[in-house]
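Visitor: My questions will all concern the structure given below.
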Amino acid sequence: MKVELSKIVDAIEMAGDAFEGYYDFENGDCVWLSDPLYSGETDEELAALIENSTGRFLRLPSTYDIHKYNIMENFIETLPAGSEQNRLARAIRGKGAFRRFKDEIIRLGIVEQWYKYQADAYRELATRWCRDNELEWTE
């Protein structure tokens, strides 16, 4: 079975705590099931369909599988040793790390470099997900 890699990458970009993503092999789309702990409700019809449709749905990488913080750390390690690397390393310590990181890459003028790195990391996660699930993919 083949999947569109771009749809998996998009799902990884959208991953959050408030919902779980699933790939629907019947129509080739991603579907999202909200977590009642966050929204107070869930789509019972979709939940039942996912539970009762053996082989139709496959859980997509969750925010816990993606480790966005680690991606930031790895990006920082790719920078030349020095002030940029030190500033970003300090920015991601403690509460508010993602916001401070974003502010700092803007100040440093390396936003495009970060977005390319992040896109490559998400693509690698998507291809790994496909390999781990023994799926072929199209570009």
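In the structure tokens, each chain is lettered A, B, ... as it comes, each chain's residues begin at 1, and ligands are numbered from 1 in order of appearance.
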Within range 8-138 of chain A, find each residue whose DSSP state, derived from the backbone, is alpha helix (DSSP H), and express the selection as number ranges by chain.
Guide: A: 8-14, 36-39, 44-52, 63-66, 68-78, 83-91, 97-108, 111-132
Visitor: When you look at Met72 in chain A with a cut-off of 10 Å (counting only C-alpha atoms), what residues show up, excluding the ones that are within fewer than 2 positions of it in the same chain? I need them as an MDAnalysis selection string.
Guide: chainID A and resid 67:70 74:77 88:89 92 97:98 101 114 117:118
Visitor: Please, could you write that set of residues out with N, CA and C atoms as a PDB file, in the first residue's frame?
Guide:
```
ATOM      1  N   HIS A  67       8.866  14.709  19.200  1.00  0.00           N
ATOM      2  CA  HIS A  67       9.918  15.334  20.019  1.00  0.00           C
ATOM      3  C   HIS A  67      10.392  16.654  19.427  1.00  0.00           C
ATOM      4  N   LYS A  68       9.487  17.606  19.308  1.00  0.00           N
ATOM      5  CA  LYS A  68       9.817  18.897  18.712  1.00  0.00           C
ATOM      6  C   LYS A  68      10.943  19.611  19.467  1.00  0.00           C
ATOM      7  N   TYR A  69      11.006  19.427  20.759  1.00  0.00           N
ATOM      8  CA  TYR A  69      12.081  20.045  21.538  1.00  0.00           C
ATOM      9  C   TYR A  69      13.440  19.490  21.098  1.00  0.00           C
ATOM     10  N   ASN A  70      13.505  18.169  20.883  1.00  0.00           N
ATOM     11  CA  ASN A  70      14.760  17.562  20.421  1.00  0.00           C
ATOM     12  C   ASN A  70      15.165  18.074  19.040  1.00  0.00           C
ATOM     13  N   ASN A  74      18.700  19.691  18.232  1.00  0.00           N
ATOM     14  CA  ASN A  74      19.555  19.197  17.146  1.00  0.00           C
ATOM     15  C   ASN A  74      19.895  20.300  16.155  1.00  0.00           C
ATOM     16  N   PHE A  75      18.936  21.187  15.892  1.00  0.00           N
ATOM     17  CA  PHE A  75      19.201  22.324  15.016  1.00  0.00           C
ATOM     18  C   PHE A  75      20.297  23.199  15.604  1.00  0.00           C
ATOM     19  N   ILE A  76      20.202  23.468  16.876  1.00  0.00           N
ATOM     20  CA  ILE A  76      21.198  24.314  17.546  1.00  0.00           C
ATOM     21  C   ILE A  76      22.592  23.707  17.403  1.00  0.00           C
ATOM     22  N   GLU A  77      22.675  22.395  17.497  1.00  0.00           N
ATOM     23  CA  GLU A  77      23.967  21.720  17.369  1.00  0.00           C
ATOM     24  C   GLU A  77      24.560  21.847  15.972  1.00  0.00           C
ATOM     25  N   LEU A  88      20.775  30.546  21.433  1.00  0.00           N
ATOM     26  CA  LEU A  88      19.638  29.645  21.226  1.00  0.00           C
ATOM     27  C   LEU A  88      19.580  28.566  22.307  1.00  0.00           C
ATOM     28  N   ALA A  89      20.721  28.064  22.720  1.00  0.00           N
ATOM     29  CA  ALA A  89      20.745  27.050  23.780  1.00  0.00           C
ATOM     30  C   ALA A  89      20.157  27.614  25.068  1.00  0.00           C
ATOM     31  N   ILE A  92      16.115  28.028  24.940  1.00  0.00           N
ATOM     32  CA  ILE A  92      15.206  26.880  25.029  1.00  0.00           C
ATOM     33  C   ILE A  92      15.187  26.238  26.419  1.00  0.00           C
ATOM     34  N   ALA A  97      10.035  27.823  26.215  1.00  0.00           N
ATOM     35  CA  ALA A  97      11.179  27.558  25.335  1.00  0.00           C
ATOM     36  C   ALA A  97      10.843  27.763  23.864  1.00  0.00           C
ATOM     37  N   PHE A  98       9.694  27.289  23.425  1.00  0.00           N
ATOM     38  CA  PHE A  98       9.356  27.382  22.005  1.00  0.00           C
ATOM     39  C   PHE A  98       9.188  28.839  21.579  1.00  0.00           C
ATOM     40  N   PHE A 101      12.631  30.515  21.561  1.00  0.00           N
ATOM     41  CA  PHE A 101      13.396  30.016  20.417  1.00  0.00           C
ATOM     42  C   PHE A 101      12.980  30.763  19.161  1.00  0.00           C
ATOM     43  N   TRP A 114      16.096  27.615   9.921  1.00  0.00           N
ATOM     44  CA  TRP A 114      15.351  26.778  10.858  1.00  0.00           C
ATOM     45  C   TRP A 114      14.216  26.046  10.157  1.00  0.00           C
ATOM     46  N   TYR A 117      15.483  23.176   8.135  1.00  0.00           N
ATOM     47  CA  TYR A 117      15.909  22.094   9.015  1.00  0.00           C
ATOM     48  C   TYR A 117      14.691  21.344   9.567  1.00  0.00           C
ATOM     49  N   GLN A 118      13.708  22.093  10.025  1.00  0.00           N
ATOM     50  CA  GLN A 118      12.494  21.490  10.586  1.00  0.00           C
ATOM     51  C   GLN A 118      11.759  20.666   9.526  1.00  0.00           C
TER      52      GLN A 118
END
```
Visitor: At a cut-off of 12 Å, using only C-alpha atoms, what residues contact Ile50 in chain A? Leave out same-chain residues fewer than 6 positions from it and give the result as a VMD selection string.
Guide: chain A and resid 20 to 26 30 to 33 43 to 44 56 to 59
Visitor: Do a neighbour search on Thr63 in chain A at 7 Å with only C-alpha atoms, toss out local chain neighbours closer than 6 positions, and write the hits as a list in words.
Guide: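 Here the answer would be Ala15, Gly16 and Asp17 of chain A.
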Visitor: Restricted to C-alpha atoms, what would the selected residues look like written as an mmCIF file, in the first residue's frame?
Guide:
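Output saved as selection_1.cif:
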```cif
data_model
loop_
_atom_site.group_PDB
_atom_site.id
_atom_site.type_symbol
_atom_site.label_atom_id
_atom_site.label_comp_id
_atom_site.auth_asym_id
_atom_site.auth_seq_id
_atom_site.Cartn_x
_atom_site.Cartn_y
_atom_site.Cartn_z
ATOM 1 C CA ALA A 15 0.411 17.095 15.684
ATOM 2 C CA GLY A 16 -0.816 18.321 19.029
ATOM 3 C CA ASP A 17 -1.914 17.110 22.432
#
```
Visitor: Please report the interatomic distance between CA of Ala47 in chain A and CA of Leu5 in chain A in Å with one decimal.
Guide: 24.3 Å
Visitor: Which one is closest to Tyr64 in chain A: A:Arg131, A:Arg123, A:Ile110, A:Phe19? Count only C-alpha atoms.
Guide: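 Of A:Arg131, A:Arg123, A:Ile110, A:Phe19, the one nearest Tyr64 in chain A is A:Phe19, counting only C-alpha atoms.
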Visitor: Excluding Trp137 in chain A and residues on its chain fewer than 2 positions from it, collect all residues at most 8 Å away from it, counting only C-alpha atoms, and give them as a PDB file with C-alpha atoms, in the first residue's frame.
Guide:
```
ATOM      1  CA  LYS A   2       1.321   3.467  -0.913  1.00  0.00           C
ATOM      2  CA  VAL A   3       0.797   6.696   0.977  1.00  0.00           C
ATOM      3  CA  GLU A   4       1.411  10.295  -0.024  1.00  0.00           C
ATOM      4  CA  LEU A   5       4.413  11.381   1.995  1.00  0.00           C
ATOM      5  CA  THR A 127       9.664   8.300   5.969  1.00  0.00           C
ATOM      6  CA  CYS A 130       6.325   4.603   6.574  1.00  0.00           C
ATOM      7  CA  LEU A 135       4.415   1.209   3.721  1.00  0.00           C
ATOM      8  CA  GLU A 139       6.668  12.021  -3.139  1.00  0.00           C
TER       9      GLU A 139
END
```
